[in-house]
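Asks: Following this line is start_21.cif, made up of mmCIF, C-alpha atoms:
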```cif
data_run
loop_
_atom_site.group_PDB
_atom_site.id
_atom_site.type_symbol
_atom_site.label_atom_id
_atom_site.label_comp_id
_atom_site.auth_asym_id
_atom_site.auth_seq_id
_atom_site.Cartn_x
_atom_site.Cartn_y
_atom_site.Cartn_z
ATOM 1 C CA THR A 689 110.398 107.995 86.739
ATOM 2 C CA THR A 690 113.118 105.327 86.756
ATOM 3 C CA VAL A 691 112.682 102.338 84.457
ATOM 4 C CA VAL A 692 114.847 99.207 84.665
ATOM 5 C CA LYS A 693 115.485 97.399 81.373
ATOM 6 C CA GLY A 694 117.802 94.418 81.029
ATOM 7 C CA GLY A 695 119.549 95.311 84.259
ATOM 8 C CA ARG A 696 120.118 98.872 83.123
ATOM 9 C CA THR A 697 118.448 101.868 84.738
ATOM 10 C CA SER A 698 117.040 104.649 82.580
ATOM 11 C CA HIS A 699 114.929 107.708 83.302
ATOM 12 C CA MET A 700 111.591 108.352 81.646
ATOM 13 C CA GLU A 701 111.622 111.627 79.744
ATOM 14 C CA LYS A 702 109.399 114.339 81.178
ATOM 15 C CA TYR A 703 107.129 116.906 79.574
ATOM 16 C CA GLN A 704 108.720 120.298 80.108
ATOM 17 C CA ILE A 705 106.577 122.474 82.385
ATOM 18 C CA ARG A 706 108.068 125.823 83.382
ATOM 19 C CA PRO A 707 108.287 126.780 87.059
ATOM 20 C CA SER A 708 106.195 129.650 88.391
ATOM 21 C CA THR A 709 109.302 131.848 88.474
ATOM 22 C CA GLU A 710 109.251 131.801 84.662
ATOM 23 C CA GLY A 711 105.606 132.741 84.220
ATOM 24 C CA VAL A 712 102.295 130.935 83.777
ATOM 25 C CA ALA A 713 102.824 127.302 82.793
ATOM 26 C CA GLY A 714 99.648 126.740 80.841
ATOM 27 C CA LEU A 715 96.028 127.549 80.108
ATOM 28 C CA ALA A 716 92.814 126.009 81.422
ATOM 29 C CA LEU A 717 89.191 126.245 80.344
ATOM 30 C CA ILE A 718 86.350 125.355 82.706
ATOM 31 C CA VAL A 719 82.867 124.969 81.204
ATOM 32 C CA ASN A 720 80.026 124.436 83.674
ATOM 33 C CA ILE A 721 76.427 123.995 82.578
ATOM 34 C CA ARG A 722 74.371 124.487 85.726
ATOM 35 C CA ASP A 723 71.004 125.645 84.378
ATOM 36 C CA PHE A 724 68.946 124.252 81.515
ATOM 37 C CA LEU A 725 66.355 126.262 79.593
ATOM 38 C CA GLY A 726 62.842 125.531 80.826
ATOM 39 C CA LYS A 727 63.972 122.589 82.976
ATOM 40 C CA PRO A 728 64.527 123.760 86.563
ATOM 41 C CA ALA A 729 64.476 120.160 87.809
ATOM 42 C CA MET A 730 67.714 119.563 85.888
ATOM 43 C CA THR A 731 69.600 122.377 87.643
ATOM 44 C CA ARG A 732 73.000 121.099 88.730
ATOM 45 C CA HIS A 733 73.021 122.424 92.290
ATOM 46 C CA GLY A 734 76.472 122.350 93.858
ATOM 47 C CA SER A 735 78.318 122.641 90.548
ATOM 48 C CA GLU A 736 79.279 126.219 91.438
ATOM 49 C CA LYS A 737 81.401 124.724 94.242
ATOM 50 C CA ASP A 738 83.119 122.493 91.688
ATOM 51 C CA VAL A 739 83.961 125.557 89.595
ATOM 52 C CA GLU A 740 85.419 127.294 92.638
ATOM 53 C CA ASP A 741 87.498 124.252 93.607
ATOM 54 C CA LEU A 742 88.783 123.666 90.081
ATOM 55 C CA ARG A 743 89.702 127.309 89.523
ATOM 56 C CA SER A 744 91.567 127.464 92.818
ATOM 57 C CA THR A 745 93.427 124.197 92.188
ATOM 58 C CA LEU A 746 94.425 125.022 88.615
ATOM 59 C CA GLU A 747 95.643 128.471 89.598
ATOM 60 C CA TYR A 748 97.613 126.880 92.437
ATOM 61 C CA LEU A 749 99.245 124.666 89.802
ATOM 62 C CA ASN A 750 100.304 127.803 87.874
ATOM 63 C CA LEU A 751 97.683 127.794 85.125
ATOM 64 C CA LYS A 752 95.715 130.736 83.817
ATOM 65 C CA VAL A 753 92.040 129.814 84.105
ATOM 66 C CA GLU A 754 89.032 130.887 82.040
ATOM 67 C CA VAL A 755 85.516 129.975 83.214
ATOM 68 C CA LYS A 756 82.415 129.838 81.010
ATOM 69 C CA GLU A 757 78.980 128.919 82.297
ATOM 70 C CA ASN A 758 75.540 127.980 80.969
ATOM 71 C CA LEU A 759 76.570 127.902 77.326
ATOM 72 C CA THR A 760 74.170 127.063 74.519
ATOM 73 C CA GLN A 761 75.285 124.553 71.914
ATOM 74 C CA SER A 762 76.599 127.228 69.563
ATOM 75 C CA GLN A 763 78.318 129.075 72.420
ATOM 76 C CA PHE A 764 79.885 125.831 73.635
ATOM 77 C CA LEU A 765 81.287 124.976 70.216
ATOM 78 C CA MET A 766 82.638 128.512 69.865
ATOM 79 C CA ALA A 767 84.221 128.399 73.334
ATOM 80 C CA ILE A 768 86.170 125.265 72.358
ATOM 81 C CA LEU A 769 87.367 126.822 69.098
ATOM 82 C CA GLU A 770 88.347 130.041 70.864
ATOM 83 C CA PHE A 771 90.311 128.131 73.504
ATOM 84 C CA VAL A 772 92.179 126.236 70.790
ATOM 85 C CA GLU A 773 92.996 129.575 69.173
ATOM 86 C CA THR A 774 94.173 130.920 72.526
ATOM 87 C CA LEU A 775 96.498 127.942 72.897
ATOM 88 C CA GLU A 776 97.784 128.615 69.393
ATOM 89 C CA ASN A 777 98.543 132.244 70.202
ATOM 90 C CA ASN A 778 100.245 131.658 73.546
ATOM 91 C CA ASP A 779 103.350 129.764 74.562
ATOM 92 C CA ALA A 780 101.593 127.262 76.830
ATOM 93 C CA ASP A 781 103.344 124.172 78.188
ATOM 94 C CA ILE A 782 100.057 122.431 79.003
ATOM 95 C CA GLY A 783 96.356 122.784 78.193
ATOM 96 C CA VAL A 784 93.534 121.716 80.511
ATOM 97 C CA VAL A 785 89.818 121.484 79.677
ATOM 98 C CA CYS A 786 87.189 120.770 82.367
ATOM 99 C CA ILE A 787 83.625 120.077 81.244
ATOM 100 C CA MET A 788 80.738 119.725 83.721
ATOM 101 C CA SER A 789 77.122 119.100 82.765
ATOM 102 C CA HIS A 790 74.577 116.355 82.202
ATOM 103 C CA GLY A 791 75.569 113.840 79.563
ATOM 104 C CA ASP A 792 75.358 110.346 78.128
ATOM 105 C CA SER A 793 77.774 107.835 76.647
ATOM 106 C CA ASP A 794 79.163 110.128 73.950
ATOM 107 C CA SER A 795 77.810 113.643 74.448
ATOM 108 C CA ILE A 796 77.427 116.599 76.798
ATOM 109 C CA GLU A 797 74.186 118.524 77.249
ATOM 110 C CA THR A 798 74.196 122.289 76.731
ATOM 111 C CA ALA A 799 72.062 124.966 78.390
ATOM 112 C CA ASP A 800 69.572 125.030 75.499
ATOM 113 C CA ASN A 801 68.927 121.282 75.909
ATOM 114 C CA LEU A 802 70.969 120.331 72.853
ATOM 115 C CA THR A 803 74.186 118.319 72.869
ATOM 116 C CA VAL A 804 77.805 118.387 71.751
ATOM 117 C CA LYS A 805 79.791 115.255 70.969
ATOM 118 C CA ILE A 806 82.712 114.494 73.293
ATOM 119 C CA GLU A 807 84.855 113.037 70.538
ATOM 120 C CA ASN A 808 84.046 115.151 67.484
ATOM 121 C CA ASP A 809 83.209 118.511 69.065
ATOM 122 C CA ILE A 810 85.691 118.565 71.965
ATOM 123 C CA LEU A 811 88.591 116.118 71.834
ATOM 124 C CA ASN A 812 89.162 116.174 68.090
ATOM 125 C CA ARG A 813 89.449 119.968 68.104
ATOM 126 C CA PHE A 814 92.713 119.616 70.034
ATOM 127 C CA GLY A 815 94.224 117.201 67.545
ATOM 128 C CA ASN A 816 97.588 118.095 66.049
ATOM 129 C CA ARG A 817 95.937 119.116 62.787
ATOM 130 C CA TYR A 818 93.970 121.892 64.497
ATOM 131 C CA CYS A 819 96.294 122.755 67.377
ATOM 132 C CA PRO A 820 99.862 122.440 66.045
ATOM 133 C CA SER A 821 101.404 124.638 68.729
ATOM 134 C CA MET A 822 100.515 121.941 71.273
ATOM 135 C CA ILE A 823 102.160 119.083 69.386
ATOM 136 C CA GLY A 824 104.231 117.116 71.870
ATOM 137 C CA LYS A 825 102.722 119.023 74.796
ATOM 138 C CA PRO A 826 100.366 117.508 77.381
ATOM 139 C CA LYS A 827 96.625 118.056 77.292
ATOM 140 C CA LEU A 828 94.312 117.069 80.134
ATOM 141 C CA PHE A 829 90.531 116.707 79.846
ATOM 142 C CA LEU A 830 88.215 116.315 82.859
ATOM 143 C CA PHE A 831 84.561 115.363 82.407
ATOM 144 C CA GLN A 832 82.058 115.541 85.266
ATOM 145 C CA ALA A 833 78.874 114.187 83.685
ATOM 146 C CA CYS A 834 76.728 111.093 83.518
ATOM 147 C CA ARG A 835 77.566 108.677 80.703
ATOM 148 C CA GLY A 836 74.327 106.683 80.903
ATOM 149 C CA ASP A 837 71.636 105.543 83.330
ATOM 150 C CA GLU A 838 73.200 102.434 84.859
ATOM 151 C CA VAL A 839 74.073 102.318 88.555
ATOM 152 C CA ASP A 840 76.513 100.096 90.419
ATOM 153 C CA PRO A 841 75.017 98.790 93.680
ATOM 154 C CA GLY A 842 78.390 97.356 94.690
ATOM 155 C CA MET A 843 79.024 93.931 96.186
ATOM 156 C CA SER A 844 80.400 92.476 99.404
ATOM 157 C CA ILE A 845 83.702 90.598 99.343
ATOM 158 C CA THR A 846 85.886 88.810 101.862
ATOM 159 C CA MET A 847 89.022 90.895 102.308
ATOM 160 C CA GLY A 848 92.403 89.212 102.123
ATOM 161 C CA SER A 849 91.694 86.940 99.161
ATOM 162 C CA ARG A 850 93.684 87.310 95.918
ATOM 163 C CA SER A 851 92.062 87.932 92.564
ATOM 164 C CA ALA A 852 93.534 87.669 89.720
ATOM 165 C CA MET A 853 108.976 117.969 69.446
ATOM 166 C CA THR A 854 112.326 118.581 68.389
ATOM 167 C CA ASP A 855 113.593 121.074 65.805
ATOM 168 C CA SER A 856 114.276 118.271 63.336
ATOM 169 C CA SER A 857 111.565 117.224 60.906
ATOM 170 C CA LYS A 858 109.461 114.165 61.643
ATOM 171 C CA LYS A 859 105.984 112.948 60.848
ATOM 172 C CA VAL A 860 103.451 113.105 63.686
ATOM 173 C CA PRO A 861 99.798 112.027 63.859
ATOM 174 C CA THR A 862 97.172 114.578 62.845
ATOM 175 C CA THR A 863 94.943 113.292 65.626
ATOM 176 C CA LEU A 864 94.866 113.985 69.355
ATOM 177 C CA ASN A 865 97.794 112.628 71.354
ATOM 178 C CA ASP A 866 99.892 113.497 74.440
ATOM 179 C CA SER A 867 96.521 113.540 76.179
ATOM 180 C CA ILE A 868 94.833 112.203 79.297
ATOM 181 C CA MET A 869 91.055 112.025 79.639
ATOM 182 C CA ALA A 870 89.509 111.658 83.094
ATOM 183 C CA PHE A 871 85.811 110.841 83.397
ATOM 184 C CA SER A 872 83.817 110.946 86.621
ATOM 185 C CA THR A 873 82.235 107.601 85.785
ATOM 186 C CA ILE A 874 82.599 104.657 83.420
ATOM 187 C CA PRO A 875 80.608 104.328 80.156
ATOM 188 C CA TYR A 876 76.828 103.933 80.423
ATOM 189 C CA HIS A 877 76.807 104.760 84.153
ATOM 190 C CA VAL A 878 75.576 107.725 86.144
ATOM 191 C CA ALA A 879 77.811 110.269 87.863
ATOM 192 C CA TYR A 880 77.035 111.868 91.215
ATOM 193 C CA ARG A 881 76.880 115.390 92.564
ATOM 194 C CA LYS A 882 75.919 116.768 95.963
ATOM 195 C CA SER A 883 74.928 120.231 97.161
ATOM 196 C CA GLU A 884 78.545 120.752 98.231
ATOM 197 C CA GLY A 885 79.884 119.666 94.839
ATOM 198 C CA SER A 886 80.827 116.492 92.996
ATOM 199 C CA PRO A 887 82.860 113.788 94.777
ATOM 200 C CA PHE A 888 85.024 113.281 91.675
ATOM 201 C CA ILE A 889 85.938 116.964 91.313
ATOM 202 C CA LYS A 890 86.568 117.341 95.047
ATOM 203 C CA ILE A 891 88.879 114.310 95.100
ATOM 204 C CA VAL A 892 90.757 115.429 91.985
ATOM 205 C CA CYS A 893 91.305 118.879 93.491
ATOM 206 C CA ASP A 894 92.368 117.513 96.886
ATOM 207 C CA VAL A 895 94.836 115.039 95.364
ATOM 208 C CA PHE A 896 96.326 117.515 92.886
ATOM 209 C CA ARG A 897 96.745 120.227 95.525
ATOM 210 C CA THR A 898 98.349 117.809 97.997
ATOM 211 C CA TYR A 899 100.579 115.803 95.671
ATOM 212 C CA GLY A 900 100.641 117.778 92.416
ATOM 213 C CA HIS A 901 104.214 118.999 92.841
ATOM 214 C CA ASP A 902 105.561 115.591 93.879
ATOM 215 C CA LEU A 903 103.893 112.849 91.829
ATOM 216 C CA GLU A 904 103.612 112.098 88.120
ATOM 217 C CA ILE A 905 100.103 112.684 86.779
ATOM 218 C CA LEU A 906 99.158 109.037 86.276
ATOM 219 C CA ALA A 907 100.211 108.378 89.871
ATOM 220 C CA LEU A 908 97.936 111.251 90.894
ATOM 221 C CA PHE A 909 95.019 109.655 89.089
ATOM 222 C CA LYS A 910 95.748 106.323 90.756
ATOM 223 C CA LYS A 911 95.272 108.149 94.060
ATOM 224 C CA VAL A 912 92.042 109.621 92.691
ATOM 225 C CA GLN A 913 90.849 106.133 91.733
ATOM 226 C CA SER A 914 91.726 104.843 95.199
ATOM 227 C CA GLU A 915 89.802 107.652 96.905
ATOM 228 C CA MET A 916 86.818 107.132 94.594
ATOM 229 C CA GLU A 917 86.443 103.623 96.012
ATOM 230 C CA ASN A 918 85.290 105.269 99.247
ATOM 231 C CA VAL A 919 82.511 107.197 97.502
ATOM 232 C CA GLU A 920 78.978 105.926 97.952
ATOM 233 C CA ALA A 921 75.897 107.766 96.703
ATOM 234 C CA ASN A 922 72.344 106.587 97.342
ATOM 235 C CA GLY A 923 73.811 103.231 98.330
ATOM 236 C CA ASN A 924 75.624 102.894 94.995
ATOM 237 C CA LYS A 925 79.307 102.826 94.114
ATOM 238 C CA VAL A 926 81.012 104.822 91.370
ATOM 239 C CA THR A 927 84.164 104.173 89.343
ATOM 240 C CA ALA A 928 86.069 106.913 87.551
ATOM 241 C CA GLU A 929 87.734 106.184 84.217
ATOM 242 C CA ILE A 930 91.164 107.482 83.214
ATOM 243 C CA THR A 931 92.326 106.971 79.632
ATOM 244 C CA GLN A 932 95.307 108.226 77.682
ATOM 245 C CA ARG A 933 96.322 108.741 74.075
ATOM 246 C CA GLY A 934 99.884 108.865 72.909
ATOM 247 C CA VAL A 935 101.333 109.828 76.305
ATOM 248 C CA LYS A 936 105.066 109.296 75.891
ATOM 249 C CA LYS A 937 106.527 111.141 78.865
ATOM 250 C CA ASP A 938 105.988 111.754 82.567
ATOM 251 C CA LEU A 939 104.100 114.859 83.615
#
```
Just give me the structure of the file as structure tokens.

Replies:
Amino acid sequence: TTVVKGGRTSHMEKYQIRPSTEGVAGLALIVNIRDFLGKPAMTRHGSEKDVEDLRSTLEYLNLKVEVKENLTQSQFLMAILEFVETLENNDADIGVVCIMSHGDSDSIETADNLTVKIENDILNRFGNRYCPSMIGKPKLFLFQACRGDEVDPGMSITMGSRSAMTDSSKKVPTTLNDSIMAFSTIPYHVAYRKSEGSPFIKIVCDVFRTYGHDLEILALFKKVQSEMENVEANGNKVTAEITQRGVKKDL
């Protein structure tokens, strides 16, 4: 990316991701909770298609992918810790975590009808304190889950109107940084899924497969956001949310 400052042109530094000719670039974990103990009405039909699409896309992007399904709370927590350990024991340039289940504003539901906290049980585990080998390396988190019960019926508008890590020593945060979190919906709102999969996951996969080798990741997610504007489920609209922490370079 080229940045112009004071009439001078400079180039944004990039995260270093090895080409496929030099081996696997990174590691990815996909966790899909499709079935819930004693609650067949909560079965997430179509989520198996999301798993297939995500695995294919991440492998296309030169990542080694591990898939875990229908985990209980204890199994889920262990899977996160084991993936962190795997990152620690491998020379990965990037780590990706994809979580798909039911959820609410701050948690994800597990197969035994318990929950894990998004912040404390997932994101924090990848902080620099616990995952030092990934300091200064990008980490991407995708969440396909409801974050509440609210729906957005949308509104009609008149188009055309204007509305407003080097070898030297340095201190780094102990918390999670160099990270992007992508949620299928905004806080307190529902997410959507069809028998053929989730619109959010399908759009992410389509955009990353088409433009992943050409565009910087935040530009990719802008395309995702644009495509999400075309999604309508049960007459309602849905808005994805993309946040970042301590992202200092292009990816």

Asks: Please provide the set of residues having any atom within 10 Å of segment 763-775 of chain A, restricted to all atoms listed in the file, with same-chain residues fewer than 4 positions apart removed, written as number ranges by chain.

Replies: A: 714-717, 719, 721, 754, 756-759, 779-783, 785, 797-799, 803-805, 809-811, 813-815, 818-822

Asks: Show which residues sit within 7 Å of segment 726-739 of chain A, as a PyMOL selection string. Count only C-alpha atoms, and ignore same-chain residues fewer than 6 positions away.

Replies: chain A and resi 882-886+889

Asks: If you count all atoms listed in the file, which residues fall within 8 Å of segment 859-865 of chain A, apart from same-chain ones fewer than 5 positions away, as a PyMOL selection string?

Replies: chain A and resi 811-812+814-817+824+933-935

Asks: Write the selection just made, keeping C-alpha atoms, as a PDB file, in the coordinates of the input?

Replies:
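Output (out-v3.pdb):
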```
ATOM      1  CA  LEU A 811      88.591 116.118  71.834  1.00  0.00           C
ATOM      2  CA  ASN A 812      89.162 116.174  68.090  1.00  0.00           C
ATOM      3  CA  PHE A 814      92.713 119.616  70.034  1.00  0.00           C
ATOM      4  CA  GLY A 815      94.224 117.201  67.545  1.00  0.00           C
ATOM      5  CA  ASN A 816      97.588 118.095  66.049  1.00  0.00           C
ATOM      6  CA  ARG A 817      95.937 119.116  62.787  1.00  0.00           C
ATOM      7  CA  GLY A 824     104.231 117.116  71.870  1.00  0.00           C
ATOM      8  CA  ARG A 933      96.322 108.741  74.075  1.00  0.00           C
ATOM      9  CA  GLY A 934      99.884 108.865  72.909  1.00  0.00           C
ATOM     10  CA  VAL A 935     101.333 109.828  76.305  1.00  0.00           C
TER      11      VAL A 935
END
```

Asks: Give me the residues near segment 700-712 of chain A as number ranges by chain, where near means some atom within 10 Å (using all atoms listed in the file) and where sequence neighbours in that chain fewer than 3 positions away do not count.

Replies: A: 689-691, 697, 715, 747-752, 779-782, 824-826, 866, 904, 935-939

Asks: Which residues are close to Ser789 of chain A, i.e. within 7 Å by only C-alpha atoms, leaving aside same-chain residues fewer than 3 positions away? Reply as a list in words.

Replies: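 Contacts, in chain order: Asn720, Ile721, Arg722, Ile796, Glu797, Gln832 and Ala833 of chain A.
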
Asks: Would you translate the PyMOL selection byres ((chain A and resi 910-923) around 10) into the concrete set of residues it matches in this file, as a PyMOL selection string?

Replies: chain A and resi 839-842+872-873+879-882+887-896+899+905-909+924-930

Asks: Using only C-alpha atoms, please write the residues we just selected to a file, as a PDB file, in the frame of the given file.

Replies:
```pdb
ATOM      1  CA  VAL A 839      74.073 102.318  88.555  1.00  0.00           C
ATOM      2  CA  ASP A 840      76.513 100.096  90.419  1.00  0.00           C
ATOM      3  CA  PRO A 841      75.017  98.790  93.680  1.00  0.00           C
ATOM      4  CA  GLY A 842      78.390  97.356  94.690  1.00  0.00           C
ATOM      5  CA  SER A 872      83.817 110.946  86.621  1.00  0.00           C
ATOM      6  CA  THR A 873      82.235 107.601  85.785  1.00  0.00           C
ATOM      7  CA  ALA A 879      77.811 110.269  87.863  1.00  0.00           C
ATOM      8  CA  TYR A 880      77.035 111.868  91.215  1.00  0.00           C
ATOM      9  CA  ARG A 881      76.880 115.390  92.564  1.00  0.00           C
ATOM     10  CA  LYS A 882      75.919 116.768  95.963  1.00  0.00           C
ATOM     11  CA  PRO A 887      82.860 113.788  94.777  1.00  0.00           C
ATOM     12  CA  PHE A 888      85.024 113.281  91.675  1.00  0.00           C
ATOM     13  CA  ILE A 889      85.938 116.964  91.313  1.00  0.00           C
ATOM     14  CA  LYS A 890      86.568 117.341  95.047  1.00  0.00           C
ATOM     15  CA  ILE A 891      88.879 114.310  95.100  1.00  0.00           C
ATOM     16  CA  VAL A 892      90.757 115.429  91.985  1.00  0.00           C
ATOM     17  CA  CYS A 893      91.305 118.879  93.491  1.00  0.00           C
ATOM     18  CA  ASP A 894      92.368 117.513  96.886  1.00  0.00           C
ATOM     19  CA  VAL A 895      94.836 115.039  95.364  1.00  0.00           C
ATOM     20  CA  PHE A 896      96.326 117.515  92.886  1.00  0.00           C
ATOM     21  CA  TYR A 899     100.579 115.803  95.671  1.00  0.00           C
ATOM     22  CA  ILE A 905     100.103 112.684  86.779  1.00  0.00           C
ATOM     23  CA  LEU A 906      99.158 109.037  86.276  1.00  0.00           C
ATOM     24  CA  ALA A 907     100.211 108.378  89.871  1.00  0.00           C
ATOM     25  CA  LEU A 908      97.936 111.251  90.894  1.00  0.00           C
ATOM     26  CA  PHE A 909      95.019 109.655  89.089  1.00  0.00           C
ATOM     27  CA  ASN A 924      75.624 102.894  94.995  1.00  0.00           C
ATOM     28  CA  LYS A 925      79.307 102.826  94.114  1.00  0.00           C
ATOM     29  CA  VAL A 926      81.012 104.822  91.370  1.00  0.00           C
ATOM     30  CA  THR A 927      84.164 104.173  89.343  1.00  0.00           C
ATOM     31  CA  ALA A 928      86.069 106.913  87.551  1.00  0.00           C
ATOM     32  CA  GLU A 929      87.734 106.184  84.217  1.00  0.00           C
ATOM     33  CA  ILE A 930      91.164 107.482  83.214  1.00  0.00           C
TER      34      ILE A 930
END
```

Asks: Expressed in Å to a single decimal, how great is the separation between atom CA of Asp723 of chain A and atom CA of Thr931 of chain A?

Replies: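 Distance between the two atoms: 28.7 Å.
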
Asks: Closest to Met788 of chain A among A:Leu802, A:Val878, A:Leu903, A:Ile718, using only C-alpha atoms?

Replies: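 The closest residue to Met788 of chain A is A:Ile718.
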
Asks: Could you state the separation of atom CA of Arg835 of chain A and atom CA of Ser762 of chain A in Å, given to one decimal place?

Replies: 21.7 Å

Asks: Go ahead and compute the interatomic distance for atom CA of Asp792 of chain A and atom CA of Phe871 of chain A, in Å to one decimal.

Replies: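 Between atom CA of Asp792 of chain A and atom CA of Phe871 of chain A the gap is 11.7 Å.
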